[in-house]
$ cat structure-v1.pdb   # PDB, C-alpha atoms
MODEL        1
ATOM      1  CA  MET A  19      24.281 -18.957  11.502
ATOM      2  CA  SER A  20      27.605 -19.656  13.249
ATOM      3  CA  ASP A  21      30.129 -16.849  13.778
ATOM      4  CA  SER A  22      32.711 -18.629  11.594
ATOM      5  CA  ARG A  23      30.256 -19.058   8.708
ATOM      6  CA  GLU A  24      29.035 -15.466   8.926
ATOM      7  CA  ARG A  25      32.634 -14.228   9.009
ATOM      8  CA  ALA A  26      33.495 -16.369   5.957
ATOM      9  CA  GLU A  27      30.496 -14.975   4.062
ATOM     10  CA  MET A  28      31.476 -11.408   4.896
ATOM     11  CA  GLN A  29      35.038 -12.104   3.747
ATOM     12  CA  ALA A  30      33.665 -13.569   0.503
ATOM     13  CA  ILE A  31      31.617 -10.399  -0.047
ATOM     14  CA  ASP A  32      34.724  -8.321   0.659
ATOM     15  CA  TRP A  33      36.666 -10.312  -1.971
ATOM     16  CA  GLN A  34      33.825  -9.824  -4.473
ATOM     17  CA  MET A  35      34.031  -6.057  -3.902
ATOM     18  CA  ARG A  36      37.829  -5.958  -4.265
ATOM     19  CA  LEU A  37      37.896  -8.052  -7.423
ATOM     20  CA  HIS A  38      35.014  -6.045  -8.892
ATOM     21  CA  GLN A  39      36.979  -2.830  -8.321
ATOM     22  CA  SER A  40      40.375  -4.194  -9.498
ATOM     23  CA  PRO A  41      39.665  -7.023 -11.977
ATOM     24  CA  ARG A  42      43.145  -6.898 -13.572
ATOM     25  CA  ASN A  43      45.244  -6.946 -10.404
ATOM     26  CA  PRO A  44      47.243 -10.231 -10.533
ATOM     27  CA  LEU A  45      48.463  -9.932  -6.930
ATOM     28  CA  LEU A  46      44.896  -9.514  -5.717
ATOM     29  CA  HIS A  47      43.805 -12.617  -7.651
ATOM     30  CA  LEU A  48      46.699 -14.608  -6.157
ATOM     31  CA  ARG A  49      45.756 -13.559  -2.617
ATOM     32  CA  HIS A  50      42.157 -14.477  -3.364
ATOM     33  CA  LEU A  51      43.177 -17.976  -4.518
ATOM     34  CA  ARG A  52      45.189 -18.457  -1.326
ATOM     35  CA  TRP A  53      42.180 -17.413   0.750
ATOM     36  CA  LEU A  54      39.945 -19.843  -1.154
ATOM     37  CA  GLY A  55      42.338 -22.745  -0.552
ATOM     38  CA  SER A  56      42.814 -22.066   3.140
ATOM     39  CA  SER A  57      39.411 -23.416   4.214
ATOM     40  CA  PRO A  58      36.522 -25.429   2.723
ATOM     41  CA  LEU A  59      34.191 -22.902   4.356
ATOM     42  CA  HIS A  60      35.845 -20.146   2.310
ATOM     43  CA  ARG A  61      35.126 -21.994  -0.939
ATOM     44  CA  GLU A  62      31.533 -22.717   0.101
ATOM     45  CA  SER A  63      30.923 -19.079   1.045
ATOM     46  CA  TRP A  64      32.536 -17.812  -2.164
ATOM     47  CA  ASP A  65      30.359 -20.107  -4.296
ATOM     48  CA  ALA A  66      27.248 -18.852  -2.480
ATOM     49  CA  VAL A  67      28.189 -15.210  -3.023
ATOM     50  CA  GLN A  68      28.950 -15.861  -6.691
ATOM     51  CA  ALA A  69      25.601 -17.583  -7.208
ATOM     52  CA  MET A  70      23.782 -14.661  -5.609
ATOM     53  CA  TRP A  71      25.773 -12.139  -7.673
ATOM     54  CA  ARG A  72      24.973 -13.939 -10.930
ATOM     55  CA  LEU A  73      21.301 -14.000 -10.015
ATOM     56  CA  THR A  74      21.338 -10.251  -9.375
ATOM     57  CA  ALA A  75      22.981  -9.601 -12.726
ATOM     58  CA  GLU A  76      20.959 -12.002 -14.846
ATOM     59  CA  LEU A  77      17.369 -11.621 -13.663
ATOM     60  CA  GLN A  78      15.215  -9.917 -16.260
ATOM     61  CA  PRO A  79      12.592  -7.286 -15.376
ATOM     62  CA  ALA A  80       9.066  -8.545 -14.860
ATOM     63  CA  THR A  81       6.709  -8.235 -17.829
ATOM     64  CA  ARG A  82       2.962  -8.045 -18.240
ATOM     65  CA  GLY A  83       2.974 -11.810 -18.845
ATOM     66  CA  ARG A  84       4.046 -12.363 -15.232
ATOM     67  CA  TRP A  85       1.194 -10.351 -13.733
ATOM     68  CA  PRO A  86      -1.502 -12.251 -11.763
ATOM     69  CA  GLY A  87      -3.843 -14.162 -14.114
ATOM     70  CA  LYS A  88      -7.398 -12.881 -14.565
ATOM     71  CA  ALA A  89      -8.879 -16.360 -14.126
ATOM     72  CA  ARG A  90      -7.847 -16.437 -10.501
ATOM     73  CA  ARG A  91     -10.072 -14.478  -8.101
ATOM     74  CA  PRO A  92     -10.995 -12.046 -10.924
ATOM     75  CA  ARG A  93     -12.953  -9.560  -8.828
ATOM     76  CA  LEU A  94     -10.325  -9.343  -6.064
ATOM     77  CA  VAL A  95      -7.514  -9.019  -8.585
ATOM     78  CA  ALA A  96      -9.425  -6.349 -10.490
ATOM     79  CA  ILE A  97     -10.037  -4.320  -7.321
ATOM     80  CA  ALA A  98      -6.432  -4.678  -6.208
ATOM     81  CA  SER A  99      -5.178  -3.773  -9.664
ATOM     82  CA  ALA A 100      -7.382  -0.692  -9.782
ATOM     83  CA  ALA A 101      -6.159   0.434  -6.374
ATOM     84  CA  CYS A 102      -2.556  -0.113  -7.413
ATOM     85  CA  MET A 103      -3.168   1.806 -10.624
ATOM     86  CA  LEU A 104      -4.508   4.815  -8.733
ATOM     87  CA  LEU A 105      -1.604   4.680  -6.317
ATOM     88  CA  ALA A 106       0.871   4.267  -9.159
ATOM     89  CA  VAL A 107      -0.527   7.250 -11.076
ATOM     90  CA  PHE A 108      -0.084   9.403  -7.990
ATOM     91  CA  LEU A 109       3.423   8.112  -7.369
ATOM     92  CA  SER A 110       4.400   8.581 -10.984
ATOM     93  CA  TRP A 111       3.836  12.327 -10.540
ATOM     94  CA  LEU A 112       6.446  12.272  -7.774
ATOM     95  CA  ALA A 113       8.800   9.809  -9.471
ATOM     96  CA  LEU A 114      12.506  10.561  -9.572
ATOM     97  CA  PRO A 115      15.152   9.147 -11.942
ATOM     98  CA  SER A 116      16.767   5.843 -11.029
ATOM     99  CA  HIS A 117      19.281   6.083  -8.206
ATOM    100  CA  THR A 118      22.974   6.052  -9.104
ATOM    101  CA  ALA A 119      26.081   5.434  -7.027
ATOM    102  CA  SER A 120      26.613   7.905  -4.208
ATOM    103  CA  GLU A 121      28.247  11.139  -5.361
ATOM    104  CA  ALA A 122      30.701  12.988  -3.135
ATOM    105  CA  LEU A 123      29.778  16.247  -1.449
ATOM    106  CA  LEU A 124      32.793  18.552  -1.680
ATOM    107  CA  SER A 125      33.567  20.905   1.203
ATOM    108  CA  GLU A 126      35.495  24.166   0.956
ATOM    109  CA  ASP A 127      38.500  22.600   2.717
ATOM    110  CA  GLY A 128      38.793  19.816   0.122
ATOM    111  CA  SER A 129      37.163  17.145   2.280
ATOM    112  CA  ARG A 130      34.672  14.833   0.563
ATOM    113  CA  ILE A 131      31.565  13.122   1.935
ATOM    114  CA  TRP A 132      29.726  10.182   0.348
ATOM    115  CA  PRO A 133      26.261   9.858   1.964
ATOM    116  CA  ALA A 134      24.312   6.620   1.689
ATOM    117  CA  ALA A 135      20.804   6.667   0.254
ATOM    118  CA  ASP A 136      18.193   8.261   2.519
ATOM    119  CA  THR A 137      20.887   9.879   4.686
ATOM    120  CA  ARG A 138      20.273  13.206   6.399
ATOM    121  CA  LEU A 139      23.191  15.305   7.641
ATOM    122  CA  GLU A 140      24.162  18.925   8.126
ATOM    123  CA  ARG A 141      27.571  20.559   7.711
ATOM    124  CA  HIS A 142      29.064  23.465   9.671
ATOM    125  CA  MET A 143      32.288  24.717   8.107
ATOM    126  CA  ASP A 144      33.913  28.032   9.019
ATOM    127  CA  ALA A 145      37.279  29.469  10.072
ATOM    128  CA  SER A 146      37.118  27.837  13.503
ATOM    129  CA  GLN A 147      35.416  24.478  12.974
ATOM    130  CA  ARG A 148      34.629  21.589  10.616
ATOM    131  CA  GLN A 149      31.625  19.731  11.937
ATOM    132  CA  VAL A 150      29.089  17.292  10.472
ATOM    133  CA  ILE A 151      25.956  16.205  12.332
ATOM    134  CA  LEU A 152      24.595  12.861  11.131
ATOM    135  CA  HIS A 153      20.849  12.716  11.829
ATOM    136  CA  LYS A 154      19.998   9.610   9.798
ATOM    137  CA  GLY A 155      21.697   6.955   7.673
ATOM    138  CA  ALA A 156      25.428   6.665   7.010
ATOM    139  CA  ALA A 157      28.273   8.485   5.294
ATOM    140  CA  PHE A 158      31.892   7.954   4.280
ATOM    141  CA  PHE A 159      34.319  10.810   4.963
ATOM    142  CA  GLU A 160      37.639  11.566   3.273
ATOM    143  CA  VAL A 161      39.011  14.395   5.371
ATOM    144  CA  ALA A 162      41.620  16.921   4.238
ATOM    145  CA  ALA A 163      44.324  17.391   6.871
ATOM    146  CA  ASP A 164      44.096  20.654   8.840
ATOM    147  CA  SER A 165      45.562  20.517  12.347
ATOM    148  CA  SER A 166      44.143  23.942  13.201
ATOM    149  CA  ARG A 167      40.587  22.732  12.523
ATOM    150  CA  PRO A 168      39.946  19.126  13.580
ATOM    151  CA  PHE A 169      37.046  17.503  11.726
ATOM    152  CA  THR A 170      34.240  16.138  13.919
ATOM    153  CA  VAL A 171      31.226  13.974  13.151
ATOM    154  CA  ASN A 172      28.417  13.862  15.713
ATOM    155  CA  ALA A 173      25.973  10.949  15.554
ATOM    156  CA  SER A 174      23.460  10.111  18.277
ATOM    157  CA  GLY A 175      25.608  11.638  21.016
ATOM    158  CA  ILE A 176      28.821   9.991  19.790
ATOM    159  CA  GLU A 177      31.618  12.280  18.550
ATOM    160  CA  VAL A 178      34.246  11.141  16.034
ATOM    161  CA  LEU A 179      37.309  13.421  15.895
ATOM    162  CA  VAL A 180      39.952  13.404  13.139
ATOM    163  CA  VAL A 181      42.551  15.633  11.503
ATOM    164  CA  GLY A 182      43.053  13.850   8.172
ATOM    165  CA  THR A 183      41.760  10.354   7.426
ATOM    166  CA  ALA A 184      39.079   8.310   5.630
ATOM    167  CA  PHE A 185      36.348   6.590   7.589
ATOM    168  CA  ALA A 186      32.641   5.705   7.634
ATOM    169  CA  VAL A 187      30.003   6.462  10.268
ATOM    170  CA  GLU A 188      26.662   4.664  10.309
ATOM    171  CA  LEU A 189      23.667   5.109  12.612
ATOM    172  CA  LEU A 190      22.347   1.731  13.806
ATOM    173  CA  ASP A 191      19.114   0.873  15.597
ATOM    174  CA  ASN A 192      20.994   0.629  18.880
ATOM    175  CA  GLY A 193      23.969   2.924  18.400
ATOM    176  CA  VAL A 194      26.709   3.985  16.010
ATOM    177  CA  GLN A 195      29.306   2.128  13.934
ATOM    178  CA  VAL A 196      32.631   3.679  12.895
ATOM    179  CA  ALA A 197      35.002   1.997  10.403
ATOM    180  CA  VAL A 198      38.418   3.375   9.387
ATOM    181  CA  GLU A 199      39.910   2.924   5.915
ATOM    182  CA  HIS A 200      43.139   4.829   6.603
ATOM    183  CA  GLY A 201      44.393   7.219   9.263
ATOM    184  CA  ARG A 202      43.111   7.230  12.846
ATOM    185  CA  VAL A 203      40.006   8.535  14.567
ATOM    186  CA  ARG A 204      39.196   9.325  18.191
ATOM    187  CA  ILE A 205      35.708   8.403  19.373
ATOM    188  CA  GLY A 206      34.166   9.854  22.483
ATOM    189  CA  SER A 207      31.016  10.418  24.502
ATOM    190  CA  GLY A 208      31.130  11.928  27.968
ATOM    191  CA  LEU A 209      34.094  10.355  29.764
ATOM    192  CA  TYR A 210      34.387   7.504  27.255
ATOM    193  CA  ARG A 211      37.338   7.685  24.813
ATOM    194  CA  GLN A 212      38.549   5.175  22.238
ATOM    195  CA  GLU A 213      40.947   5.412  19.284
ATOM    196  CA  ILE A 214      40.938   3.104  16.258
ATOM    197  CA  GLY A 215      43.105   2.860  13.147
ATOM    198  CA  PRO A 216      43.169   1.395   9.627
ATOM    199  CA  GLY A 217      41.136  -1.783   9.149
ATOM    200  CA  GLN A 218      39.387  -1.404  12.501
ATOM    201  CA  MET A 219      35.767  -0.771  13.382
ATOM    202  CA  LEU A 220      33.883   0.062  16.557
ATOM    203  CA  ARG A 221      30.205  -0.413  17.360
ATOM    204  CA  ILE A 222      29.012   1.812  20.179
ATOM    205  CA  ASP A 223      25.775   1.500  22.110
ATOM    206  CA  PRO A 224      25.379   4.793  24.071
ATOM    207  CA  ALA A 225      23.685   2.825  26.876
ATOM    208  CA  HIS A 226      26.692   0.462  27.212
ATOM    209  CA  LEU A 227      29.713   2.565  26.280
ATOM    210  CA  GLN A 228      32.253   0.637  28.325
ATOM    211  CA  ASP A 229      31.402  -2.595  26.465
ATOM    212  CA  ALA A 230      32.540  -1.158  23.114
ATOM    213  CA  ARG A 231      35.703  -2.861  21.840
ATOM    214  CA  PRO A 232      37.535  -2.346  18.502
ATOM    215  CA  ALA A 233      37.325  -5.212  15.999
ATOM    216  CA  ASP A 234      38.749  -5.997  12.574
ATOM    217  CA  ILE A 235      36.595  -4.865   9.679
ATOM    218  CA  VAL A 236      34.756  -7.709   7.946
ATOM    219  CA  GLY A 237      33.431  -6.840   4.490
ATOM    220  CA  PRO A 238      33.724  -3.646   2.437
ATOM    221  CA  ILE A 239      33.711  -0.147   3.938
ATOM    222  CA  ALA A 240      30.902   2.139   2.750
ATOM    223  CA  PRO A 241      29.690  -0.065  -0.135
ATOM    224  CA  TRP A 242      27.130   2.618  -1.045
ATOM    225  CA  ARG A 243      29.981   4.444  -2.808
ATOM    226  CA  GLU A 244      29.663   1.722  -5.467
ATOM    227  CA  ASN A 245      25.865   1.641  -5.091
ATOM    228  CA  LEU A 246      26.069  -1.764  -3.399
ATOM    229  CA  LEU A 247      24.170  -2.963  -0.344
ATOM    230  CA  VAL A 248      25.707  -5.413   2.132
ATOM    231  CA  ALA A 249      23.269  -7.411   4.274
ATOM    232  CA  ARG A 250      24.518  -9.138   7.409
ATOM    233  CA  ASN A 251      21.791 -11.480   8.660
ATOM    234  CA  GLU A 252      19.184  -8.718   8.238
ATOM    235  CA  THR A 253      15.442  -9.057   7.826
ATOM    236  CA  ILE A 254      14.015  -8.699   4.335
ATOM    237  CA  ASP A 255      11.653  -6.063   5.704
ATOM    238  CA  SER A 256      14.562  -3.817   6.775
ATOM    239  CA  LEU A 257      16.387  -4.367   3.486
ATOM    240  CA  VAL A 258      13.326  -3.521   1.411
ATOM    241  CA  GLY A 259      13.372  -0.071   3.014
ATOM    242  CA  LYS A 260      16.992   0.426   1.983
ATOM    243  CA  VAL A 261      16.385  -0.761  -1.572
ATOM    244  CA  ALA A 262      13.286   1.422  -1.814
ATOM    245  CA  ALA A 263      15.398   4.463  -0.944
ATOM    246  CA  ALA A 264      17.657   3.618  -3.878
ATOM    247  CA  HIS A 265      14.752   2.725  -6.187
ATOM    248  CA  THR A 266      13.127   6.178  -5.661
ATOM    249  CA  GLY A 267       9.806   4.580  -6.482
ATOM    250  CA  PHE A 268       7.410   2.540  -4.362
ATOM    251  CA  VAL A 269       8.101  -0.974  -3.073
ATOM    252  CA  TRP A 270       5.206  -2.853  -1.487
ATOM    253  CA  LEU A 271       6.109  -5.880   0.662
ATOM    254  CA  ARG A 272       2.732  -7.611   0.955
ATOM    255  CA  ASP A 273       3.734 -10.742   2.912
ATOM    256  CA  THR A 274       4.699  -9.929   6.525
ATOM    257  CA  GLU A 275       6.048 -13.432   7.194
ATOM    258  CA  LEU A 276       8.372 -13.101   4.210
ATOM    259  CA  GLY A 277       9.540  -9.773   5.615
ATOM    260  CA  ARG A 278      10.682 -11.476   8.830
ATOM    261  CA  GLN A 279      13.068 -13.825   7.003
ATOM    262  CA  ARG A 280      16.787 -13.017   7.283
ATOM    263  CA  VAL A 281      19.391 -12.880   4.524
ATOM    264  CA  THR A 282      23.113 -12.252   4.123
ATOM    265  CA  GLY A 283      24.505 -11.080   0.810
ATOM    266  CA  LEU A 284      25.767  -8.370  -1.512
ATOM    267  CA  TYR A 285      23.171  -6.614  -3.687
ATOM    268  CA  ASP A 286      23.578  -4.257  -6.634
ATOM    269  CA  LEU A 287      21.300  -1.229  -6.175
ATOM    270  CA  ASN A 288      21.822  -0.202  -9.796
ATOM    271  CA  HIS A 289      19.232  -2.946 -10.449
ATOM    272  CA  PRO A 290      16.784  -2.722  -7.496
ATOM    273  CA  GLU A 291      14.208  -5.119  -8.940
ATOM    274  CA  GLN A 292      16.805  -7.836  -9.476
ATOM    275  CA  ALA A 293      18.353  -7.167  -6.045
ATOM    276  CA  LEU A 294      14.979  -7.632  -4.341
ATOM    277  CA  ALA A 295      14.310 -10.789  -6.343
ATOM    278  CA  SER A 296      17.596 -12.355  -5.271
ATOM    279  CA  MET A 297      16.757 -11.557  -1.622
ATOM    280  CA  VAL A 298      13.292 -13.073  -1.577
ATOM    281  CA  ARG A 299      13.548 -15.969  -4.071
ATOM    282  CA  PRO A 300      15.321 -18.369  -1.619
ATOM    283  CA  HIS A 301      12.369 -17.844   0.770
ATOM    284  CA  GLY A 302       9.683 -18.480  -1.851
ATOM    285  CA  GLY A 303       9.140 -14.837  -2.725
ATOM    286  CA  GLN A 304       8.793 -13.048  -6.048
ATOM    287  CA  VAL A 305       8.924  -9.461  -7.315
ATOM    288  CA  ARG A 306       6.448  -8.035  -9.822
ATOM    289  CA  ARG A 307       6.572  -4.673 -11.551
ATOM    290  CA  ILE A 308       2.934  -3.537 -11.586
ATOM    291  CA  TRP A 309       3.697   0.005 -12.764
ATOM    292  CA  PRO A 310       6.875   1.714 -14.023
ATOM    293  CA  ASN A 311       7.857   2.858 -10.517
ATOM    294  CA  VAL A 312       5.914   0.352  -8.377
ATOM    295  CA  LEU A 313       7.273  -3.057  -7.312
ATOM    296  CA  LEU A 314       5.140  -5.650  -5.508
ATOM    297  CA  ILE A 315       6.776  -8.371  -3.367
ATOM    298  CA  ASP A 316       4.804 -11.411  -2.240
ATOM    299  CA  THR A 317       5.077 -15.183  -2.050
ATOM    300  CA  ARG A 318       4.436 -17.373  -5.066
ATOM    301  CA  GLU A 319       1.212 -18.694  -3.473
ATOM    302  CA  HIS A 320      -0.486 -15.283  -3.818
TER     303      HIS A 320
ENDMDL
END

$ encode --input "structure-v1.pdb" --output "structure tokens"
Amino acid sequence: MSDSRERAEMQAIDWQMRLHQSPRNPLLHLRHLRWLGSSPLHRESWDAVQAMWRLTAELQPATRGRWPGKARRPRLVAIASAACMLLAVFLSWLALPSHTASEALLSEDGSRIWPAADTRLERHMDASQRQVILHKGAAFFEVAADSSRPFTVNASGIEVLVVGTAFAVELLDNGVQVAVEHGRVRIGSGLYRQEIGPGQMLRIDPAHLQDARPADIVGPIAPWRENLLVARNETIDSLVGKVAAAHTGFVWLRDTELGRQRVTGLYDLNHPEQALASMVRPHGGQVRRIWPNVLLIDTREH
């Protein structure tokens, strides 16, 4: 995918988020129309995002009628079904309610933290410090101003320092990403220092600190606050893990080749089954609910 096309798709996703959050804002709709008319690529990307969004909203849950037929490899299907049943019974004992949009963690100073699904962090708040250590995942921070106690976030050896601002920090496979909604943050590690402001983001690889350069944000900041998942040319396998964390059940991706396919899009985690279906359908995949909290993903040939 070319850089210009990927950027247009991310902008289209950003517009979908903004219009979803403010559907009655006439100025926002006017700006959106101007963006659409400024490039044929914008219109093409918007149509693609809209088609994906409609698919996510309209897909119906799988029913017993869509399970594998008994006439086809009956013994193998029976064995597989029995194994899935046993697994499902065990998982049903551990089942949690459906995941909802991220709720804010409130700190004693008035700061709020929105962790993404499957995020692990620890907070240290006292009279002398306000510190969060991000061990896994991502979080959005809305920090109450307090010049006597700067707020720091530590993630994989990278420190983000602020006094009062709103920003997101996400652990990546090869580093850390910081995106600022408003205010300014100072990012550092060892001798490296960088400051970014509203609408800017920075991706930092600890092994190549000096290569890190601020860039304009493309797409929404911390979409998990609305229980949405943004995919940027990611493998289905990696996305299944993120959806599974929101599903709080069990998702089995049976086809490894399908898992290697890449997708870009915006997915609604309030409906994990439909979100998975819209990811895999363009690549010949399908999603089946084989137990209340168990989803099976494979190709249509299975």

$ resolve_selection --input "structure-v1.pdb" --expression "the PyMOL selection byres ((chain A and resi 178) around 7)" --output "PDB file with C-alpha atoms, in the frame of the given file"
ATOM      1  CA  THR A 170      34.240  16.138  13.919  1.00  0.00           C
ATOM      2  CA  VAL A 171      31.226  13.974  13.151  1.00  0.00           C
ATOM      3  CA  ASN A 172      28.417  13.862  15.713  1.00  0.00           C
ATOM      4  CA  ILE A 176      28.821   9.991  19.790  1.00  0.00           C
ATOM      5  CA  GLU A 177      31.618  12.280  18.550  1.00  0.00           C
ATOM      6  CA  LEU A 179      37.309  13.421  15.895  1.00  0.00           C
ATOM      7  CA  VAL A 180      39.952  13.404  13.139  1.00  0.00           C
ATOM      8  CA  VAL A 203      40.006   8.535  14.567  1.00  0.00           C
ATOM      9  CA  ARG A 204      39.196   9.325  18.191  1.00  0.00           C
ATOM     10  CA  ILE A 205      35.708   8.403  19.373  1.00  0.00           C
ATOM     11  CA  GLY A 206      34.166   9.854  22.483  1.00  0.00           C
TER      12      GLY A 206
END

$ atom_distance --input "structure-v1.pdb" --atom1 "atom CA of Gln149 of chain A" --atom2 "atom CA of Asp223 of chain A"
21.7 Å

$ resolve_selection --input "structure-v1.pdb" --expression "the PyMOL selection byres ((chain A and resi 188) around 10)" --output "list in words"
Pro133, Ala134, Thr137, Leu152, Lys154, Gly155, Ala156, Ala157, Phe158, Ala173, Ala186, Val187, Leu189, Leu190, Asp191, Gly193, Val194, Gln195, Val196, Ala197, Arg221 and Ala240 of chain A

$ write_last_selection --input "structure-v1.pdb" --atoms "C-alpha atoms" --output "tab-separated table (two decimals), in the frame of the given file"
chain	number	residue	atom	x	y	z
A	133	PRO	CA	26.26	9.86	1.96
A	134	ALA	CA	24.31	6.62	1.69
A	137	THR	CA	20.89	9.88	4.69
A	152	LEU	CA	24.60	12.86	11.13
A	154	LYS	CA	20.00	9.61	9.80
A	155	GLY	CA	21.70	6.96	7.67
A	156	ALA	CA	25.43	6.66	7.01
A	157	ALA	CA	28.27	8.48	5.29
A	158	PHE	CA	31.89	7.95	4.28
A	173	ALA	CA	25.97	10.95	15.55
A	186	ALA	CA	32.64	5.70	7.63
A	187	VAL	CA	30.00	6.46	10.27
A	189	LEU	CA	23.67	5.11	12.61
A	190	LEU	CA	22.35	1.73	13.81
A	191	ASP	CA	19.11	0.87	15.60
A	193	GLY	CA	23.97	2.92	18.40
A	194	VAL	CA	26.71	3.98	16.01
A	195	GLN	CA	29.31	2.13	13.93
A	196	VAL	CA	32.63	3.68	12.90
A	197	ALA	CA	35.00	2.00	10.40
A	221	ARG	CA	30.20	-0.41	17.36
A	240	ALA	CA	30.90	2.14	2.75

$ atom_distance --input "structure-v1.pdb" --atom1 "atom CA of Glu160 of chain A" --atom2 "atom CA of Pro216 of chain A"
13.2 Å

$ atom_distance --input "structure-v1.pdb" --atom1 "atom CA of Ile31 of chain A" --atom2 "atom CA of Leu54 of chain A"
12.6 Å

$ closest_residue --input "structure-v1.pdb" --among "A:Ala69, A:Val150, A:Ala262, A:Val236" --to "Gly217 of chain A" --atoms "all atoms listed in the file"
A:Val236

$ resolve_selection --input "structure-v1.pdb" --expression "the PyMOL selection byres ((chain A and resi 255) around 12)" --output "JSON, numbers by chain"
{"A": [249, 251, 252, 253, 254, 256, 257, 258, 259, 260, 261, 262, 269, 270, 271, 272, 273, 274, 275, 276, 277, 278, 279, 280, 281, 294, 297, 298, 315, 316]}

$ residues_around --input "structure-v1.pdb" --residues "Leu287 of chain A" --least-positions-apart "4" --cutoff "7 Å" --atoms "all atoms listed in the file" --output "number ranges by chain"
A: 245-247, 261, 264, 293

$ closest_residue --input "structure-v1.pdb" --among "A:Leu139, A:Ala162, A:Gln68, A:Ala184" --to "Ser125 of chain A" --atoms "only C-alpha atoms"
A:Ala162

$ closest_residue --input "structure-v1.pdb" --among "A:Ile239, A:Ala295, A:Met143, A:Leu46" --to "Gly128 of chain A" --atoms "all atoms listed in the file"
A:Met143

$ build_atoms --input "structure-v1.pdb" --residues "segment 233-245 of chain A" --atoms "N, CA, C and O atoms" --output "CSV table (one decimal), in the coordinates of the input"
chain,number,residue,atom,x,y,z
A,233,ALA,N,37.3,-3.9,16.7
A,233,ALA,CA,37.3,-5.2,16.0
A,233,ALA,C,37.8,-5.0,14.6
A,233,ALA,O,37.8,-3.9,14.1
A,234,ASP,N,38.3,-6.1,14.0
A,234,ASP,CA,38.7,-6.0,12.6
A,234,ASP,C,37.5,-5.9,11.7
A,234,ASP,O,36.5,-6.4,11.9
A,235,ILE,N,37.7,-5.1,10.6
A,235,ILE,CA,36.6,-4.9,9.7
A,235,ILE,C,36.4,-6.1,8.9
A,235,ILE,O,37.3,-6.7,8.4
A,236,VAL,N,35.1,-6.6,8.8
A,236,VAL,CA,34.8,-7.7,7.9
A,236,VAL,C,33.8,-7.2,6.9
A,236,VAL,O,32.8,-6.6,7.1
A,237,GLY,N,34.2,-7.4,5.6
A,237,GLY,CA,33.4,-6.8,4.5
A,237,GLY,C,33.9,-5.5,4.1
A,237,GLY,O,34.8,-4.9,4.7
A,238,PRO,N,33.3,-4.9,3.0
A,238,PRO,CA,33.7,-3.6,2.4
A,238,PRO,C,33.3,-2.5,3.3
A,238,PRO,O,32.3,-2.6,4.1
A,239,ILE,N,34.1,-1.4,3.2
A,239,ILE,CA,33.7,-0.1,3.9
A,239,ILE,C,32.9,0.7,3.0
A,239,ILE,O,33.3,1.0,1.9
A,240,ALA,N,31.8,1.2,3.5
A,240,ALA,CA,30.9,2.1,2.8
A,240,ALA,C,30.6,1.6,1.3
A,240,ALA,O,30.9,2.3,0.4
A,241,PRO,N,30.0,0.5,1.2
A,241,PRO,CA,29.7,-0.1,-0.1
A,241,PRO,C,28.8,0.8,-1.0
A,241,PRO,O,28.7,0.7,-2.2
A,242,TRP,N,28.0,1.7,-0.3
A,242,TRP,CA,27.1,2.6,-1.0
A,242,TRP,C,27.9,3.5,-2.0
A,242,TRP,O,27.3,4.0,-2.9
A,243,ARG,N,29.2,3.7,-1.8
A,243,ARG,CA,30.0,4.4,-2.8
A,243,ARG,C,29.9,3.8,-4.2
A,243,ARG,O,30.1,4.5,-5.2
A,244,GLU,N,29.8,2.5,-4.2
A,244,GLU,CA,29.7,1.7,-5.5
A,244,GLU,C,28.2,1.3,-5.7
A,244,GLU,O,27.9,0.5,-6.6
A,245,ASN,N,27.3,1.9,-5.0
A,245,ASN,CA,25.9,1.6,-5.1
A,245,ASN,C,25.6,0.2,-4.8
A,245,ASN,O,24.7,-0.4,-5.5
